[in-house]
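Peer 1: Quick one: the structure is below, questions incoming.
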Amino acid sequence: MKNLLKNITMLLLVFLFISGIFILYSSPEKKPQDISLSALVTQINNGEIKSISVSGDELSITKTDGNLEKTTKEKEAGITETLRNYNVDTSKLDQVNIEVKKESSMSFWLGAILPFLLPFILISAFIWFMLKQAQRGNNQAMSFGTSRARMVDPKDKKNRVTFKDVAGAKEAKEELYEIVEFLKTPKKFIDLGAKIPKGALLLGSPGTGKTLISRAVAGEANVPFFNISGSEFVEMFVGVGASRVRDLFKQAKKSAPAIVFIDEIDAVGRHRGSGLGGGHDEREQTLNQILVEMDGFDTNTNVIVIAATNRPDVLDPALLRPGRFDRRVVMDLPDIEERLSILKIHAKNKPIAKEADLKVIAQRTPGFSGADLSNLLNEAAILSARRAKKELTMAELTESIEKVILGPERKSRRIDEEEKKIVAYHEAGHALIAANLKNADPVQKVSIISRGNAGGYTFSAPTKDRSLHKRGYFIDELSVLLGGYVSEKLTFGDITTGASNDLERATAMARNLVTRYGMSDLGPRTFGHKEEMVFLGKDIHEERNYSEETARQIDAQVSKFIADAYDVATRLLTENKSVLDKLSGVLLEKETIEQSEFNEIVGIKKDNTEIPSEKTEQTEQAEK
């Protein structure tokens, strides 16, 4: 209906435009004045008329002063006869130039037929647009069950992605390169009786590059790439999802060899029978059709299905059995070397300053995914443009890290001097304890500028990536988390709500030490079993497999971890009270302290070893 009204409006506008052009060109510069025949005769007798142009029954009159007039003569008589009937002076009439124009047949027919023909033209155009809209609606109804997959043509060199465009993920590339070889030379595998996996399931956190590496497989093999999301199969009408699955695989088989990529397959591939719907649920029908299509592939059909999800635990077992998605490729978060490679790829089209060190940025971004690193460089470019800079300097790059993690600076937030002093001592407490414990992550930056919901922040990052964490690391981190709380209490004799998030994180870490990691006095076992209820979305149900007495012991162990960390934080801040005051004073003055200046204040060498021997002894005492 909207398209129909749009077309009708356009038709009327075109008609009005054409009519306006006709009126514009047919209108004379001077509008003639209507007069009667008797007035014309009087003007002729007075010698006021220069010429008369006769066109049919219309008389166009030009006066000696240049004015224009018009009138109409009798149809049955000529111009001379008509004027004589009005007693015109013959001698005066002879002085007037009379011109008789022959009326063209085209103007006659247009004047006679156009008023009747124009309504028929408009009505016919309206009917034609109505029929066109009806036909379009029928085409949409017929194509409702067709696939909505977007195809990337291998001939499109501009949008082609290869393994060179994917940094890191070495093991994933090796796993997927077998698929590339099969698509290129399937005969080599078939002659040996080998069957390439029909489906590969990419597992990993959001932003780790699952879609990118799938496109890279298609780019390396130089085959069509069909991309669709799992949610695009399911509609409110029953059977549409299954129809789209059939059409998708039909298109892929026609374009074989080809790759079909289904993103977020958990939208349709969840465990069947666990939901509230019955066996005829639209989602389950779509999943059944995917299973049938994948299992119905011929051995010689060069169509590979690649799916991606970050929720493999909720997938139906039938999807994961051999013959379907029997190959799983894990996409991990990048390590420091891979982060550096990713940063270099995303920095290709950005002017990076010579003094900017991407390796330092890679060191400060543990846990960042490829998408996070891309966003980091984009935020740095936006920040540089806002500051009217021509290059991305180290200042913009480091500030973008904090913006991605915590959010933008809230410089407009005004706090009084007392609150500012509390925030300064709070963050100085965190940073000072981290500097005095060797297992804690080194401090990269301390700031009391508000970002997001945080009044200030202490940014710490490890010097190298860790896949395993020791018990000593968690013990030291507990003390670091309580550093702000203890600093407020020692300095002001009171505590504020600023430590609420620190206390939550410390409590959760201490409970994990007891219930998950087996690092408490209760021995090497775990407590509780968490189950995710599929039909309730992300609802987590924890099953207690221990008694009430054990629960009391767990609470006691958690409290013991927190109390020990509190004692260590209190001892360290008491012994280094002068350094705490100095650090807080610098924060109040500058609001932000970088790593080099922080190390100089607390007395740490560049290699993160402590200068005073007393601090080493304090660290050993704290660890004991």
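Following the order of the structure tokens, first chain is A, next is B, and so on, with residues numbered from 1 inside each chain and ligands from 1 in the order they appear.
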Applying 6 Å and only C-alpha atoms, which residues near stretch 477-490 of chain A remain after dropping the ones on its own chain fewer than 5 positions away? List them as a list of chain:residue names.

Peer 2: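 Neighbouring residues, sequence-local ones excluded: A:His426, A:Glu427, A:Gly429, A:His430, A:Ile433, A:Ala434, A:Ala440, A:Ile495, A:Ala499, A:Asp502, A:Ala506, A:Ala565, A:Ala569.
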
Peer 1: If we count only C-alpha atoms, what is near A:Asn349 at a cut-off of 12 Å, once residues fewer than 3 positions away on the same chain are taken out, given as a VMD selection string?

Peer 2: chain A and resid 343 to 346 352 374 377 to 378 381 391 to 392

Peer 1: Those residues you just picked out, can you put them in a file as a CSV table (one decimal), in the first residue's frame with N, CA, C and O atoms?

Peer 2:
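New file selection_27.csv:
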chain,number,residue,atom,x,y,z
A,343,LEU,N,46.8,-6.0,15.6
A,343,LEU,CA,47.0,-4.5,15.6
A,343,LEU,C,47.6,-4.0,14.3
A,343,LEU,O,47.2,-3.0,13.8
A,344,LYS,N,48.6,-4.7,13.9
A,344,LYS,CA,49.3,-4.3,12.6
A,344,LYS,C,48.4,-4.4,11.4
A,344,LYS,O,48.5,-3.6,10.5
A,345,ILE,N,47.5,-5.4,11.4
A,345,ILE,CA,46.6,-5.6,10.3
A,345,ILE,C,45.6,-4.4,10.3
A,345,ILE,O,45.3,-3.8,9.2
A,346,HIS,N,45.0,-4.1,11.4
A,346,HIS,CA,44.0,-3.1,11.5
A,346,HIS,C,44.6,-1.7,11.4
A,346,HIS,O,43.9,-0.7,11.2
A,352,ILE,N,49.9,5.8,11.8
A,352,ILE,CA,50.4,5.6,13.1
A,352,ILE,C,51.7,6.4,13.3
A,352,ILE,O,52.6,6.4,12.4
A,374,SER,N,40.3,-4.1,17.1
A,374,SER,CA,39.8,-3.2,15.9
A,374,SER,C,39.1,-2.0,16.4
A,374,SER,O,39.3,-0.9,16.0
A,377,LEU,N,41.6,0.6,17.9
A,377,LEU,CA,42.3,1.5,16.9
A,377,LEU,C,41.3,2.5,16.3
A,377,LEU,O,41.6,3.6,16.0
A,378,ASN,N,40.0,2.0,16.1
A,378,ASN,CA,39.0,2.9,15.6
A,378,ASN,C,38.7,4.1,16.6
A,378,ASN,O,38.6,5.3,16.1
A,381,ALA,N,41.6,6.5,16.3
A,381,ALA,CA,41.5,7.4,15.1
A,381,ALA,C,40.4,8.5,15.3
A,381,ALA,O,40.6,9.6,15.0
A,391,GLU,N,48.1,12.1,12.9
A,391,GLU,CA,48.5,10.8,13.2
A,391,GLU,C,48.0,10.3,14.5
A,391,GLU,O,47.5,11.1,15.3
A,392,LEU,N,48.0,8.9,14.7
A,392,LEU,CA,47.6,8.3,15.9
A,392,LEU,C,48.8,8.2,16.8
A,392,LEU,O,49.7,7.4,16.5

Peer 1: Among stretch 275-519 of chain A, which ones does DSSP place in alpha helix (DSSP H), written as JSON, numbers by chain?

Peer 2: {"A": [282, 283, 284, 285, 286, 287, 288, 289, 290, 291, 292, 293, 294, 295, 317, 318, 319, 320, 336, 337, 338, 339, 340, 341, 342, 343, 344, 345, 346, 358, 359, 360, 361, 362, 363, 370, 371, 372, 373, 374, 375, 376, 377, 378, 379, 380, 381, 382, 383, 384, 385, 386, 394, 395, 396, 397, 398, 399, 400, 401, 402, 403, 404, 405, 406, 417, 418, 419, 420, 421, 422, 423, 424, 425, 426, 427, 428, 429, 430, 431, 432, 433, 434, 435, 436, 471, 472, 473, 474, 475, 476, 477, 478, 479, 480, 481, 483, 484, 485, 486, 487, 488, 489, 490, 491, 492, 500, 501, 502, 503, 504, 505, 506, 507, 508, 509, 510, 511, 512, 513, 514, 515]}

Peer 1: Would you pick out the contacts of A:Asp165 at 8 Å or less, using only C-alpha atoms, so that residues sharing its chain but fewer than 2 positions from it are not included, and give the list as a PyMOL selection string?

Peer 2: chain A and resi 161-163+167+216+345

Peer 1: If you run DSSP on the backbone here, which positions in stretch 430-604 of chain A get strand (DSSP E or B)? Please write them as a compact mmCIF listing (two decimals) with N, CA, C and O atoms, in the first residue's frame.

Peer 2:
# COMPACT_ATOMS: atom_id res chain seq x y z
N VAL A 443 51.44 -2.35 37.81
CA VAL A 443 50.56 -1.20 37.56
C VAL A 443 51.02 -0.48 36.31
O VAL A 443 52.20 -0.16 36.15
N GLN A 444 50.07 -0.23 35.40
CA GLN A 444 50.36 0.50 34.17
C GLN A 444 49.95 1.97 34.26
O GLN A 444 50.59 2.83 33.66
N LYS A 445 48.90 2.22 35.02
CA LYS A 445 48.40 3.59 35.08
C LYS A 445 47.46 3.72 36.27
O LYS A 445 46.72 2.78 36.60
N VAL A 446 47.47 4.89 36.91
CA VAL A 446 46.56 5.20 38.01
C VAL A 446 45.91 6.53 37.70
O VAL A 446 46.59 7.49 37.31
N SER A 447 44.59 6.60 37.86
CA SER A 447 43.89 7.84 37.55
C SER A 447 42.71 8.02 38.48
O SER A 447 42.12 7.04 38.96
N ARG A 451 35.46 7.40 34.89
CA ARG A 451 35.13 6.74 33.62
C ARG A 451 34.00 5.76 33.90
O ARG A 451 34.10 4.91 34.79
N ALA A 454 32.94 4.17 37.38
CA ALA A 454 34.06 4.20 38.31
C ALA A 454 34.49 5.63 38.58
O ALA A 454 34.66 6.43 37.66
N TYR A 457 40.40 4.67 38.71
CA TYR A 457 40.77 3.31 38.33
C TYR A 457 42.27 3.14 38.42
O TYR A 457 43.05 4.09 38.28
N THR A 458 42.66 1.91 38.74
CA THR A 458 44.06 1.49 38.71
C THR A 458 44.17 0.41 37.65
O THR A 458 43.59 -0.67 37.78
N PHE A 459 44.91 0.72 36.58
CA PHE A 459 45.00 -0.19 35.45
C PHE A 459 46.25 -1.05 35.59
O PHE A 459 47.37 -0.54 35.58
N SER A 460 46.06 -2.36 35.75
CA SER A 460 47.17 -3.30 35.88
C SER A 460 47.06 -4.33 34.77
O SER A 460 45.96 -4.73 34.37
N HIS A 529 27.51 -27.86 41.71
CA HIS A 529 27.50 -28.17 40.27
C HIS A 529 26.52 -27.23 39.60
O HIS A 529 25.34 -27.20 39.95
N LYS A 530 27.04 -26.46 38.65
CA LYS A 530 26.20 -25.48 37.96
C LYS A 530 25.66 -26.08 36.68
O LYS A 530 26.39 -26.65 35.89
N GLU A 531 24.35 -25.93 36.49
CA GLU A 531 23.69 -26.38 35.28
C GLU A 531 22.94 -25.22 34.66
O GLU A 531 22.29 -24.45 35.35
N GLU A 532 23.03 -25.14 33.34
CA GLU A 532 22.30 -24.09 32.63
C GLU A 532 21.01 -24.69 32.10
O GLU A 532 21.01 -25.67 31.36
N ILE A 540 20.90 -19.85 35.50
CA ILE A 540 21.86 -20.80 36.03
C ILE A 540 21.31 -21.40 37.32
O ILE A 540 20.90 -20.70 38.23
N HIS A 541 21.31 -22.72 37.34
CA HIS A 541 20.85 -23.43 38.53
C HIS A 541 22.03 -24.15 39.15
O HIS A 541 22.73 -24.91 38.47
N GLU A 542 22.30 -23.90 40.42
CA GLU A 542 23.42 -24.53 41.09
C GLU A 542 22.92 -25.65 41.99
O GLU A 542 22.09 -25.43 42.87
N GLU A 543 23.43 -26.81 41.74
CA GLU A 543 23.04 -27.98 42.54
C GLU A 543 24.04 -28.14 43.68
O GLU A 543 25.26 -28.21 43.47
N THR A 592 46.34 11.89 36.91
CA THR A 592 46.72 10.66 36.22
C THR A 592 48.22 10.45 36.37
O THR A 592 49.01 11.40 36.21
N ILE A 593 48.63 9.22 36.67
CA ILE A 593 50.04 8.86 36.80
C ILE A 593 50.31 7.68 35.88
O ILE A 593 49.66 6.63 35.99
N GLU A 594 51.27 7.82 34.98
CA GLU A 594 51.66 6.72 34.10
C GLU A 594 52.64 5.79 34.81
O GLU A 594 53.14 6.08 35.91
N ILE A 604 60.50 1.50 42.15
CA ILE A 604 60.60 0.25 41.39
C ILE A 604 61.47 0.49 40.18
O ILE A 604 61.32 1.49 39.48

Peer 1: Fewer than 3 positions away in the same chain doesn't count, so skip those; otherwise give me all residues within 8 Å of stretch 64-70 of chain A, counting only C-alpha atoms, as a list in words.

Peer 2: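 Near stretch 64-70 of chain A, the qualifying residues are Lys30, Lys31, Pro32, Gln33, Asp34, Ile35, Glu48, Ile49, Lys50, Glu58, Leu59, Ser60 and Ile61 of chain A.
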
Peer 1: Keeping only all heavy atoms, write the selected residues as an mmCIF file, in the first residue's frame.

Peer 2:
data_model
loop_
_atom_site.group_PDB
_atom_site.id
_atom_site.type_symbol
_atom_site.label_atom_id
_atom_site.label_comp_id
_atom_site.auth_asym_id
_atom_site.auth_seq_id
_atom_site.Cartn_x
_atom_site.Cartn_y
_atom_site.Cartn_z
ATOM 1 N N LYS A 30 2.929 39.524 -22.277
ATOM 2 C CA LYS A 30 1.915 40.488 -21.841
ATOM 3 C C LYS A 30 0.539 39.856 -21.988
ATOM 4 O O LYS A 30 0.190 39.362 -23.052
ATOM 5 C CB LYS A 30 1.984 41.758 -22.680
ATOM 6 C CG LYS A 30 3.294 42.532 -22.500
ATOM 7 C CD LYS A 30 3.282 43.806 -23.315
ATOM 8 C CE LYS A 30 4.557 44.604 -23.137
ATOM 9 N NZ LYS A 30 4.559 45.843 -23.935
ATOM 10 N N LYS A 31 -0.221 39.869 -20.952
ATOM 11 C CA LYS A 31 -1.534 39.259 -20.990
ATOM 12 C C LYS A 31 -2.501 40.177 -21.746
ATOM 13 O O LYS A 31 -2.697 41.337 -21.373
ATOM 14 C CB LYS A 31 -2.039 39.020 -19.570
ATOM 15 C CG LYS A 31 -3.327 38.235 -19.521
ATOM 16 C CD LYS A 31 -3.719 37.954 -18.081
ATOM 17 C CE LYS A 31 -5.022 37.159 -18.030
ATOM 18 N NZ LYS A 31 -5.433 36.883 -16.640
ATOM 19 N N PRO A 32 -3.113 39.685 -22.845
ATOM 20 C CA PRO A 32 -4.038 40.538 -23.623
ATOM 21 C C PRO A 32 -5.316 40.827 -22.844
ATOM 22 O O PRO A 32 -5.782 40.017 -22.048
ATOM 23 C CB PRO A 32 -4.312 39.714 -24.881
ATOM 24 C CG PRO A 32 -4.040 38.306 -24.479
ATOM 25 C CD PRO A 32 -2.977 38.349 -23.450
ATOM 26 N N GLN A 33 -5.905 41.989 -23.128
ATOM 27 C CA GLN A 33 -7.140 42.419 -22.448
ATOM 28 C C GLN A 33 -8.347 42.083 -23.316
ATOM 29 O O GLN A 33 -8.335 42.282 -24.528
ATOM 30 C CB GLN A 33 -7.086 43.930 -22.191
ATOM 31 C CG GLN A 33 -8.299 44.473 -21.449
ATOM 32 C CD GLN A 33 -8.208 45.970 -21.242
ATOM 33 O OE1 GLN A 33 -7.223 46.596 -21.639
ATOM 34 N NE2 GLN A 33 -9.228 46.552 -20.643
ATOM 35 N N ASP A 34 -9.368 41.524 -22.710
ATOM 36 C CA ASP A 34 -10.597 41.182 -23.442
ATOM 37 C C ASP A 34 -11.415 42.461 -23.698
ATOM 38 O O ASP A 34 -11.657 43.251 -22.773
ATOM 39 C CB ASP A 34 -11.433 40.187 -22.641
ATOM 40 C CG ASP A 34 -10.796 38.801 -22.616
ATOM 41 O OD1 ASP A 34 -10.164 38.427 -23.623
ATOM 42 O OD2 ASP A 34 -10.889 38.103 -21.574
ATOM 43 N N ILE A 35 -11.835 42.613 -24.965
ATOM 44 C CA ILE A 35 -12.702 43.763 -25.332
ATOM 45 C C ILE A 35 -13.843 43.242 -26.204
ATOM 46 O O ILE A 35 -13.796 42.114 -26.702
ATOM 47 C CB ILE A 35 -11.910 44.844 -26.092
ATOM 48 C CG1 ILE A 35 -11.332 44.270 -27.396
ATOM 49 C CG2 ILE A 35 -10.798 45.429 -25.218
ATOM 50 C CD1 ILE A 35 -10.694 45.311 -28.288
ATOM 51 N N GLU A 48 -6.364 53.698 -33.494
ATOM 52 C CA GLU A 48 -5.567 53.170 -32.380
ATOM 53 C C GLU A 48 -5.086 51.750 -32.624
ATOM 54 O O GLU A 48 -4.325 51.194 -31.817
ATOM 55 C CB GLU A 48 -6.371 53.216 -31.079
ATOM 56 C CG GLU A 48 -6.785 54.628 -30.678
ATOM 57 C CD GLU A 48 -7.675 54.627 -29.439
ATOM 58 O OE1 GLU A 48 -7.936 53.502 -28.910
ATOM 59 O OE2 GLU A 48 -8.105 55.698 -28.999
ATOM 60 N N ILE A 49 -5.526 51.110 -33.681
ATOM 61 C CA ILE A 49 -5.202 49.701 -33.928
ATOM 62 C C ILE A 49 -4.118 49.614 -34.984
ATOM 63 O O ILE A 49 -4.214 50.235 -36.045
ATOM 64 C CB ILE A 49 -6.444 48.915 -34.366
ATOM 65 C CG1 ILE A 49 -7.542 49.038 -33.293
ATOM 66 C CG2 ILE A 49 -6.096 47.450 -34.610
ATOM 67 C CD1 ILE A 49 -7.148 48.514 -31.940
ATOM 68 N N LYS A 50 -3.051 48.804 -34.688
ATOM 69 C CA LYS A 50 -1.949 48.615 -35.617
ATOM 70 C C LYS A 50 -2.158 47.388 -36.482
ATOM 71 O O LYS A 50 -1.956 47.427 -37.700
ATOM 72 C CB LYS A 50 -0.638 48.491 -34.834
ATOM 73 C CG LYS A 50 0.586 48.294 -35.716
ATOM 74 C CD LYS A 50 1.830 48.191 -34.848
ATOM 75 C CE LYS A 50 3.061 47.988 -35.715
ATOM 76 N NZ LYS A 50 4.285 47.857 -34.905
ATOM 77 N N GLU A 58 -10.795 33.545 -33.023
ATOM 78 C CA GLU A 58 -10.082 34.387 -32.080
ATOM 79 C C GLU A 58 -9.376 35.528 -32.824
ATOM 80 O O GLU A 58 -8.733 35.323 -33.845
ATOM 81 C CB GLU A 58 -9.048 33.559 -31.315
ATOM 82 C CG GLU A 58 -9.639 32.427 -30.502
ATOM 83 C CD GLU A 58 -10.451 32.929 -29.326
ATOM 84 O OE1 GLU A 58 -10.148 34.046 -28.832
ATOM 85 O OE2 GLU A 58 -11.380 32.218 -28.894
ATOM 86 N N LEU A 59 -9.483 36.750 -32.261
ATOM 87 C CA LEU A 59 -8.828 37.932 -32.810
ATOM 88 C C LEU A 59 -7.791 38.428 -31.810
ATOM 89 O O LEU A 59 -8.121 38.736 -30.656
ATOM 90 C CB LEU A 59 -9.850 39.039 -33.084
ATOM 91 C CG LEU A 59 -11.016 38.705 -34.042
ATOM 92 C CD1 LEU A 59 -11.922 39.910 -34.208
ATOM 93 C CD2 LEU A 59 -10.494 38.228 -35.389
ATOM 94 N N SER A 60 -6.522 38.443 -32.254
ATOM 95 C CA SER A 60 -5.441 38.977 -31.426
ATOM 96 C C SER A 60 -5.100 40.365 -31.954
ATOM 97 O O SER A 60 -4.705 40.510 -33.117
ATOM 98 C CB SER A 60 -4.217 38.057 -31.486
ATOM 99 O OG SER A 60 -4.541 36.779 -30.975
ATOM 100 N N ILE A 61 -5.234 41.379 -31.102
ATOM 101 C CA ILE A 61 -5.157 42.779 -31.519
ATOM 102 C C ILE A 61 -3.910 43.412 -30.934
ATOM 103 O O ILE A 61 -3.631 43.257 -29.739
ATOM 104 C CB ILE A 61 -6.409 43.546 -31.067
ATOM 105 C CG1 ILE A 61 -7.675 42.815 -31.565
ATOM 106 C CG2 ILE A 61 -6.375 44.989 -31.538
ATOM 107 C CD1 ILE A 61 -8.920 43.200 -30.812
#

Peer 1: Using only C-alpha atoms, determine which residues lie at most 8 Å from A:Phe527, disregarding the query and same-chain residues fewer than 3 positions distant; provide the list as an mmCIF file with all heavy atoms, in the first residue's frame.

Peer 2:
data_model
loop_
_atom_site.group_PDB
_atom_site.id
_atom_site.type_symbol
_atom_site.label_atom_id
_atom_site.label_comp_id
_atom_site.auth_asym_id
_atom_site.auth_seq_id
_atom_site.Cartn_x
_atom_site.Cartn_y
_atom_site.Cartn_z
ATOM 1 N N VAL A 514 37.900 -21.733 46.958
ATOM 2 C CA VAL A 514 37.431 -22.834 47.804
ATOM 3 C C VAL A 514 36.614 -23.846 47.000
ATOM 4 O O VAL A 514 36.855 -25.056 47.074
ATOM 5 C CB VAL A 514 36.590 -22.283 48.974
ATOM 6 C CG1 VAL A 514 36.078 -23.425 49.859
ATOM 7 C CG2 VAL A 514 37.395 -21.289 49.791
ATOM 8 N N THR A 515 35.643 -23.356 46.201
ATOM 9 C CA THR A 515 34.655 -24.252 45.588
ATOM 10 C C THR A 515 35.053 -24.755 44.199
ATOM 11 O O THR A 515 34.565 -25.791 43.768
ATOM 12 C CB THR A 515 33.306 -23.532 45.482
ATOM 13 O OG1 THR A 515 33.447 -22.361 44.662
ATOM 14 C CG2 THR A 515 32.788 -23.133 46.854
ATOM 15 N N ARG A 516 35.934 -24.053 43.494
ATOM 16 C CA ARG A 516 36.263 -24.450 42.117
ATOM 17 C C ARG A 516 37.703 -24.897 41.926
ATOM 18 O O ARG A 516 37.971 -25.821 41.156
ATOM 19 C CB ARG A 516 35.976 -23.286 41.167
ATOM 20 C CG ARG A 516 34.506 -22.946 40.996
ATOM 21 C CD ARG A 516 34.335 -21.849 39.965
ATOM 22 N NE ARG A 516 34.878 -22.251 38.666
ATOM 23 C CZ ARG A 516 35.044 -21.412 37.641
ATOM 24 N NH1 ARG A 516 34.734 -20.139 37.789
ATOM 25 N NH2 ARG A 516 35.544 -21.853 36.517
ATOM 26 N N ARG A 544 23.541 -28.203 44.890
ATOM 27 C CA ARG A 544 24.407 -28.349 46.056
ATOM 28 C C ARG A 544 24.641 -29.829 46.302
ATOM 29 O O ARG A 544 23.714 -30.598 46.578
ATOM 30 C CB ARG A 544 23.776 -27.698 47.286
ATOM 31 C CG ARG A 544 23.735 -26.190 47.228
ATOM 32 C CD ARG A 544 23.180 -25.585 48.504
ATOM 33 N NE ARG A 544 23.949 -25.975 49.679
ATOM 34 C CZ ARG A 544 23.722 -25.491 50.912
ATOM 35 N NH1 ARG A 544 22.762 -24.611 51.108
ATOM 36 N NH2 ARG A 544 24.452 -25.891 51.931
ATOM 37 N N ASN A 545 25.902 -30.234 46.178
ATOM 38 C CA ASN A 545 26.249 -31.637 46.424
ATOM 39 C C ASN A 545 27.063 -31.775 47.712
ATOM 40 O O ASN A 545 27.972 -32.599 47.795
ATOM 41 C CB ASN A 545 27.043 -32.205 45.233
ATOM 42 C CG ASN A 545 28.248 -31.360 44.879
ATOM 43 O OD1 ASN A 545 28.554 -30.398 45.589
ATOM 44 N ND2 ASN A 545 28.932 -31.730 43.801
ATOM 45 N N TYR A 546 26.755 -30.905 48.681
ATOM 46 C CA TYR A 546 27.454 -30.956 49.961
ATOM 47 C C TYR A 546 26.447 -30.627 51.060
ATOM 48 O O TYR A 546 25.355 -30.094 50.815
ATOM 49 C CB TYR A 546 28.634 -29.984 49.987
ATOM 50 C CG TYR A 546 28.305 -28.577 49.514
ATOM 51 C CD1 TYR A 546 27.798 -27.625 50.394
ATOM 52 C CD2 TYR A 546 28.489 -28.213 48.186
ATOM 53 C CE1 TYR A 546 27.493 -26.349 49.967
ATOM 54 C CE2 TYR A 546 28.197 -26.942 47.747
ATOM 55 C CZ TYR A 546 27.695 -26.011 48.641
ATOM 56 O OH TYR A 546 27.386 -24.756 48.211
#

Peer 1: Find, counting only C-alpha atoms, the residue in A:Ala428, A:Ile306, A:Ala258, A:Ala347 that gets nearest to A:Arg328.

Peer 2: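 Going through A:Ala428, A:Ile306, A:Ala258, A:Ala347 one by one, the smallest distance to A:Arg328 is for A:Ile306.
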